[in-house]
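Enquirer: Please read through the structure below; I'll follow up with questions.
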Amino acid sequence: MKIRSNDTLMRQWEMLRMIPRAPRRISVRQILENLEPLGFRTSSRTIERDLQNLSTRFQLIADDSEKPFGWSWSREANFAFTPRLSISQSVALLLSQAHLRQLLPATAMNELMPVFDMARAEVSTSGWGEWASRTAILPMGPNLLAPEVETAVQVDVHRALASRRCLSGWYRSKGKDEPKEMIMHPLGLLMRGSAQYLVCMLRDYTDIRHLALHRLSGTRVLEMEARSLPDFDFQRYATTTATAFQGQGRIVLEARFRAQAAEHLRETPLSVDQTISDLGDGWIRLRATVEDDQTLRWWLMGFGSNVRVDSPPHLCDAVGAELAQAASYYTRDLEEAVG
């Protein structure tokens, strides 16, 4: 009798693990077929009786709107019978919910909500209860509002990436009024600031493009398998090539900074080969190998009169010309005001 009781308990445990959350459902026949490879031989009548008994103790619902009838966990089920999350696991889950919301597919977020609820309940009575609300990631520049992305586009992009299939849609390039229809071969998804970008190849080309999701419309996941590139590693690409915005290659930057303005560079270097030497009179000289891209130029110009670029010459000329042009606007306004 004890062996039979253990078999029943294990069978019912496996059944509970098979049942999906609503609106998805599973039929008695499917449960029966899934139990057989696990070594449980029983009947449909026994499964139905088990489900009826389990539904009195767990948040299970039967959908009899169409045949075959299906069983689901209710949307509000908290899975109290599962192993408890540790405090560390709970804090990590709540932080991921706060900071990775845009990168997780909507379907995944919906399915994870009960887990997030479990995590929130787990930390509510501990000293870590407010950790997620007391930590934040701040941008280095202005906190720009995220551009609006169509829900259907977001779902299609996630589906295409997950299934490694092509995506068709209309894309409006920056500065253009009319969108163009194109077929995309997705490679990955990037977030730059508050905007999301689909890293992909177009049509039969092999060059890698970044398409802003908020400029996509009318998307559709195709049956066609997406192409990739030999030995392409998205994570390596994201941390190297993709970090350069309108990159022009590596350069050795030499610049003079006011010591106070550049103090943080001693603690957070620009590169592993960065060197800083004191010049006296409140100035320092910095030397570092960096990517020559638009982000670097914006960063340098943000220091205003607290920096002077010495090398390479083309970067010195470009930054100087940009600052001179900006200064002319203010000079012109001052002259007009005085006149």
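Just so we're on the same page: first chain in the structure tokens is A, next is B, and so on; residues restart at 1 for each chain, and ligands are numbered from 1 in the order they show up.
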Which residues come within 6 Å of region 203-218 of chain A, counting only C-alpha atoms, excluding same-chain residues fewer than 3 positions away, as a PDB file with all heavy atoms, in the first residue's frame?

Expert:
```pdb
ATOM      1  N   GLU A 148       8.582  55.114 -28.484  1.00  0.00           N
ATOM      2  CA  GLU A 148       7.487  54.149 -28.449  1.00  0.00           C
ATOM      3  C   GLU A 148       7.665  53.095 -29.539  1.00  0.00           C
ATOM      4  O   GLU A 148       7.835  53.413 -30.710  1.00  0.00           O
ATOM      5  CB  GLU A 148       6.153  54.859 -28.633  1.00  0.00           C
ATOM      6  CG  GLU A 148       4.946  53.941 -28.470  1.00  0.00           C
ATOM      7  CD  GLU A 148       3.636  54.688 -28.524  1.00  0.00           C
ATOM      8  OE1 GLU A 148       3.668  55.940 -28.506  1.00  0.00           O
ATOM      9  OE2 GLU A 148       2.586  54.026 -28.594  1.00  0.00           O
ATOM     10  N   VAL A 149       7.631  51.841 -29.141  1.00  0.00           N
ATOM     11  CA  VAL A 149       7.746  50.709 -30.065  1.00  0.00           C
ATOM     12  C   VAL A 149       6.406  49.994 -30.118  1.00  0.00           C
ATOM     13  O   VAL A 149       5.817  49.698 -29.068  1.00  0.00           O
ATOM     14  CB  VAL A 149       8.849  49.724 -29.608  1.00  0.00           C
ATOM     15  CG1 VAL A 149       8.927  48.524 -30.553  1.00  0.00           C
ATOM     16  CG2 VAL A 149      10.197  50.426 -29.529  1.00  0.00           C
ATOM     17  N   GLY A 169       9.165  43.602 -42.969  1.00  0.00           N
ATOM     18  CA  GLY A 169       8.534  44.772 -42.398  1.00  0.00           C
ATOM     19  C   GLY A 169       8.924  46.028 -43.138  1.00  0.00           C
ATOM     20  O   GLY A 169       9.673  45.997 -44.114  1.00  0.00           O
ATOM     21  N   TRP A 170       8.398  47.146 -42.679  1.00  0.00           N
ATOM     22  CA  TRP A 170       8.668  48.457 -43.271  1.00  0.00           C
ATOM     23  C   TRP A 170       9.542  49.244 -42.314  1.00  0.00           C
ATOM     24  O   TRP A 170       9.247  49.321 -41.121  1.00  0.00           O
ATOM     25  CB  TRP A 170       7.356  49.198 -43.532  1.00  0.00           C
ATOM     26  CG  TRP A 170       6.522  48.530 -44.592  1.00  0.00           C
ATOM     27  CD1 TRP A 170       5.699  47.448 -44.437  1.00  0.00           C
ATOM     28  CD2 TRP A 170       6.455  48.893 -45.965  1.00  0.00           C
ATOM     29  NE1 TRP A 170       5.116  47.108 -45.630  1.00  0.00           N
ATOM     30  CE2 TRP A 170       5.561  47.990 -46.596  1.00  0.00           C
ATOM     31  CE3 TRP A 170       7.040  49.891 -46.735  1.00  0.00           C
ATOM     32  CZ2 TRP A 170       5.252  48.057 -47.938  1.00  0.00           C
ATOM     33  CZ3 TRP A 170       6.745  49.967 -48.080  1.00  0.00           C
ATOM     34  CH2 TRP A 170       5.854  49.055 -48.673  1.00  0.00           C
ATOM     35  N   TYR A 171      10.613  49.830 -42.846  1.00  0.00           N
ATOM     36  CA  TYR A 171      11.546  50.582 -42.006  1.00  0.00           C
ATOM     37  C   TYR A 171      11.742  51.989 -42.543  1.00  0.00           C
ATOM     38  O   TYR A 171      12.002  52.189 -43.733  1.00  0.00           O
ATOM     39  CB  TYR A 171      12.907  49.877 -41.944  1.00  0.00           C
ATOM     40  CG  TYR A 171      13.860  50.526 -40.958  1.00  0.00           C
ATOM     41  CD1 TYR A 171      13.656  50.397 -39.593  1.00  0.00           C
ATOM     42  CD2 TYR A 171      14.952  51.273 -41.404  1.00  0.00           C
ATOM     43  CE1 TYR A 171      14.517  50.998 -38.686  1.00  0.00           C
ATOM     44  CE2 TYR A 171      15.810  51.877 -40.505  1.00  0.00           C
ATOM     45  CZ  TYR A 171      15.598  51.737 -39.141  1.00  0.00           C
ATOM     46  OH  TYR A 171      16.451  52.335 -38.252  1.00  0.00           O
ATOM     47  N   ARG A 172      11.613  52.964 -41.641  1.00  0.00           N
ATOM     48  CA  ARG A 172      11.824  54.367 -42.010  1.00  0.00           C
ATOM     49  C   ARG A 172      13.199  54.790 -41.497  1.00  0.00           C
ATOM     50  O   ARG A 172      13.426  54.882 -40.302  1.00  0.00           O
ATOM     51  CB  ARG A 172      10.746  55.252 -41.398  1.00  0.00           C
ATOM     52  CG  ARG A 172      10.880  56.740 -41.774  1.00  0.00           C
ATOM     53  CD  ARG A 172       9.817  57.580 -41.093  1.00  0.00           C
ATOM     54  NE  ARG A 172       9.878  57.467 -39.641  1.00  0.00           N
ATOM     55  CZ  ARG A 172      10.755  58.134 -38.882  1.00  0.00           C
ATOM     56  NH1 ARG A 172      11.652  58.929 -39.443  1.00  0.00           N
ATOM     57  NH2 ARG A 172      10.724  57.991 -37.571  1.00  0.00           N
ATOM     58  N   ILE A 183      13.456  42.672 -46.023  1.00  0.00           N
ATOM     59  CA  ILE A 183      13.527  41.381 -45.341  1.00  0.00           C
ATOM     60  C   ILE A 183      14.791  41.377 -44.492  1.00  0.00           C
ATOM     61  O   ILE A 183      15.883  41.662 -44.995  1.00  0.00           O
ATOM     62  CB  ILE A 183      13.541  40.216 -46.337  1.00  0.00           C
ATOM     63  CG1 ILE A 183      12.202  40.142 -47.062  1.00  0.00           C
ATOM     64  CG2 ILE A 183      13.825  38.897 -45.623  1.00  0.00           C
ATOM     65  CD1 ILE A 183      12.123  39.043 -48.100  1.00  0.00           C
ATOM     66  N   GLN A 196      16.009  50.659 -28.583  1.00  0.00           N
ATOM     67  CA  GLN A 196      16.356  49.279 -28.915  1.00  0.00           C
ATOM     68  C   GLN A 196      16.668  49.175 -30.403  1.00  0.00           C
ATOM     69  O   GLN A 196      16.010  49.818 -31.228  1.00  0.00           O
ATOM     70  CB  GLN A 196      15.202  48.345 -28.587  1.00  0.00           C
ATOM     71  CG  GLN A 196      14.829  48.283 -27.126  1.00  0.00           C
ATOM     72  CD  GLN A 196      13.718  47.296 -26.880  1.00  0.00           C
ATOM     73  OE1 GLN A 196      13.885  46.082 -26.998  1.00  0.00           O
ATOM     74  NE2 GLN A 196      12.540  47.797 -26.561  1.00  0.00           N
ATOM     75  N   TYR A 197      17.654  48.335 -30.725  1.00  0.00           N
ATOM     76  CA  TYR A 197      18.068  48.176 -32.114  1.00  0.00           C
ATOM     77  C   TYR A 197      18.153  46.686 -32.464  1.00  0.00           C
ATOM     78  O   TYR A 197      18.706  45.890 -31.690  1.00  0.00           O
ATOM     79  CB  TYR A 197      19.432  48.817 -32.366  1.00  0.00           C
ATOM     80  CG  TYR A 197      19.432  50.320 -32.220  1.00  0.00           C
ATOM     81  CD1 TYR A 197      19.597  50.910 -30.971  1.00  0.00           C
ATOM     82  CD2 TYR A 197      19.239  51.147 -33.325  1.00  0.00           C
ATOM     83  CE1 TYR A 197      19.574  52.298 -30.825  1.00  0.00           C
ATOM     84  CE2 TYR A 197      19.218  52.532 -33.191  1.00  0.00           C
ATOM     85  CZ  TYR A 197      19.382  53.095 -31.940  1.00  0.00           C
ATOM     86  OH  TYR A 197      19.360  54.456 -31.807  1.00  0.00           O
ATOM     87  N   LEU A 198      17.593  46.348 -33.620  1.00  0.00           N
ATOM     88  CA  LEU A 198      17.717  44.994 -34.134  1.00  0.00           C
ATOM     89  C   LEU A 198      19.003  44.913 -34.951  1.00  0.00           C
ATOM     90  O   LEU A 198      19.175  45.642 -35.933  1.00  0.00           O
ATOM     91  CB  LEU A 198      16.513  44.650 -35.024  1.00  0.00           C
ATOM     92  CG  LEU A 198      16.567  43.294 -35.732  1.00  0.00           C
ATOM     93  CD1 LEU A 198      16.552  42.151 -34.724  1.00  0.00           C
ATOM     94  CD2 LEU A 198      15.418  43.157 -36.722  1.00  0.00           C
ATOM     95  N   VAL A 199      19.913  44.064 -34.540  1.00  0.00           N
ATOM     96  CA  VAL A 199      21.145  43.834 -35.288  1.00  0.00           C
ATOM     97  C   VAL A 199      20.836  42.748 -36.317  1.00  0.00           C
ATOM     98  O   VAL A 199      20.391  41.650 -35.954  1.00  0.00           O
ATOM     99  CB  VAL A 199      22.284  43.388 -34.355  1.00  0.00           C
ATOM    100  CG1 VAL A 199      23.570  43.138 -35.143  1.00  0.00           C
ATOM    101  CG2 VAL A 199      22.515  44.442 -33.281  1.00  0.00           C
ATOM    102  N   CYS A 200      21.048  43.041 -37.578  1.00  0.00           N
ATOM    103  CA  CYS A 200      20.597  42.117 -38.615  1.00  0.00           C
ATOM    104  C   CYS A 200      21.352  42.326 -39.915  1.00  0.00           C
ATOM    105  O   CYS A 200      22.154  43.258 -40.051  1.00  0.00           O
ATOM    106  CB  CYS A 200      19.099  42.294 -38.867  1.00  0.00           C
ATOM    107  SG  CYS A 200      18.671  43.935 -39.515  1.00  0.00           S
TER     108      CYS A 200
END
```

Enquirer: Can you tell me which residues surround Glu76 (chain A) at a distance of at most 12 Å, considering only C-alpha atoms, apart from same-chain residues fewer than 2 positions away, and format the answer as a list of chain:residue names?

Expert: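 Residues near the query, excluding close chain neighbours: A:Arg21, A:Ala22, A:Pro23, A:Phe58, A:Gln59, A:Leu60, A:Ile61, A:Ser72, A:Trp73, A:Ser74, A:Asn78, A:Phe79, A:Ala80, A:Asn110, A:Glu111, A:Leu112, A:Met113, A:Pro114, A:Val115, A:Asp117, A:Met118.
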
Enquirer: Might you pull out every residue within 12 Å of Pro186 (chain A), with only C-alpha atoms counted and same-chain residues fewer than 5 positions away left off, and present them as number ranges by chain?

Expert: A: 156-168, 197-203, 206, 208-211, 221-222, 224-229, 234

Enquirer: My list of candidates is A:Gln274, A:Ser65, A:Thr42, A:Gln97. Which is closest to Val28 (chain A) when distances are computed with only C-alpha atoms?

Expert: A:Thr42

Enquirer: Of the residues A:Ser86, A:Ser328, A:Thr56, A:Ser43, which is the one nearest to Ser126 (chain A), using only C-alpha atoms?

Expert: A:Ser86

Enquirer: May I have the residues within 6 Å of Arg25 (chain A) as a VMD selection string, using only C-alpha atoms and disregarding those fewer than 2 positions away in the same chain?

Expert: chain A and resid 20 70 to 72

Enquirer: DSSP on the backbone, strand (DSSP E or B) only: what residues of region 94-211 of chain A does that give? Format it as a PyMOL selection string.

Expert: chain A and resi 165-171+180-192+195-202+209-211

Enquirer: What's around Arg308 (chain A) at 7 Å? Count only C-alpha atoms, leave out sequence neighbours fewer than 5 positions away in its own chain, and write the answer as a ChimeraX atom specification.

Expert: /A:255-257

Enquirer: Might you pull out every residue within 9 Å of Leu93 (chain A), with only C-alpha atoms counted and same-chain residues fewer than 5 positions away left off, and present them as a list in words?

Expert: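 The contact residues come out as Ser88, Ala98, Val115, Phe116, Ala119 and Arg120 of chain A.
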
Enquirer: Save out the residues we just selected, all heavy atoms, as a CSV table (one decimal), in the first residue's frame.

Expert:
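Dumped everything to part.csv:
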```
chain,number,residue,atom,x,y,z
A,88,SER,N,18.9,35.8,-2.0
A,88,SER,CA,19.7,36.3,-3.2
A,88,SER,C,19.0,36.1,-4.5
A,88,SER,O,19.1,37.0,-5.4
A,88,SER,CB,21.1,35.5,-3.2
A,88,SER,OG,21.8,35.8,-2.0
A,98,ALA,N,13.1,44.9,-13.0
A,98,ALA,CA,13.2,46.4,-13.1
A,98,ALA,C,14.0,46.9,-14.3
A,98,ALA,O,13.7,47.8,-14.9
A,98,ALA,CB,13.7,47.0,-11.8
A,115,VAL,N,6.6,34.2,-10.6
A,115,VAL,CA,7.9,34.0,-10.0
A,115,VAL,C,8.4,35.4,-9.4
A,115,VAL,O,8.9,35.4,-8.2
A,115,VAL,CB,9.0,33.6,-11.0
A,115,VAL,CG1,10.3,33.4,-10.4
A,115,VAL,CG2,8.5,32.3,-11.7
A,116,PHE,N,8.1,36.5,-10.0
A,116,PHE,CA,8.4,37.8,-9.5
A,116,PHE,C,7.6,38.0,-8.2
A,116,PHE,O,8.1,38.5,-7.2
A,116,PHE,CB,8.1,38.9,-10.5
A,116,PHE,CG,9.0,38.9,-11.7
A,116,PHE,CD1,8.5,39.2,-12.9
A,116,PHE,CD2,10.4,38.6,-11.5
A,116,PHE,CE1,9.4,39.2,-14.0
A,116,PHE,CE2,11.2,38.6,-12.6
A,116,PHE,CZ,10.7,38.9,-13.9
A,119,ALA,N,9.2,36.1,-5.5
A,119,ALA,CA,10.4,36.8,-5.0
A,119,ALA,C,10.1,37.9,-4.1
A,119,ALA,O,10.7,38.2,-3.1
A,119,ALA,CB,11.2,37.2,-6.2
A,120,ARG,N,9.0,38.7,-4.5
A,120,ARG,CA,8.6,39.9,-3.7
A,120,ARG,C,8.1,39.4,-2.4
A,120,ARG,O,8.4,40.1,-1.3
A,120,ARG,CB,7.5,40.6,-4.5
A,120,ARG,CG,7.3,42.0,-4.0
A,120,ARG,CD,6.4,42.8,-5.0
A,120,ARG,NE,7.1,43.1,-6.2
A,120,ARG,CZ,6.9,42.6,-7.4
A,120,ARG,NH1,6.0,41.6,-7.5
A,120,ARG,NH2,7.7,42.9,-8.4
```
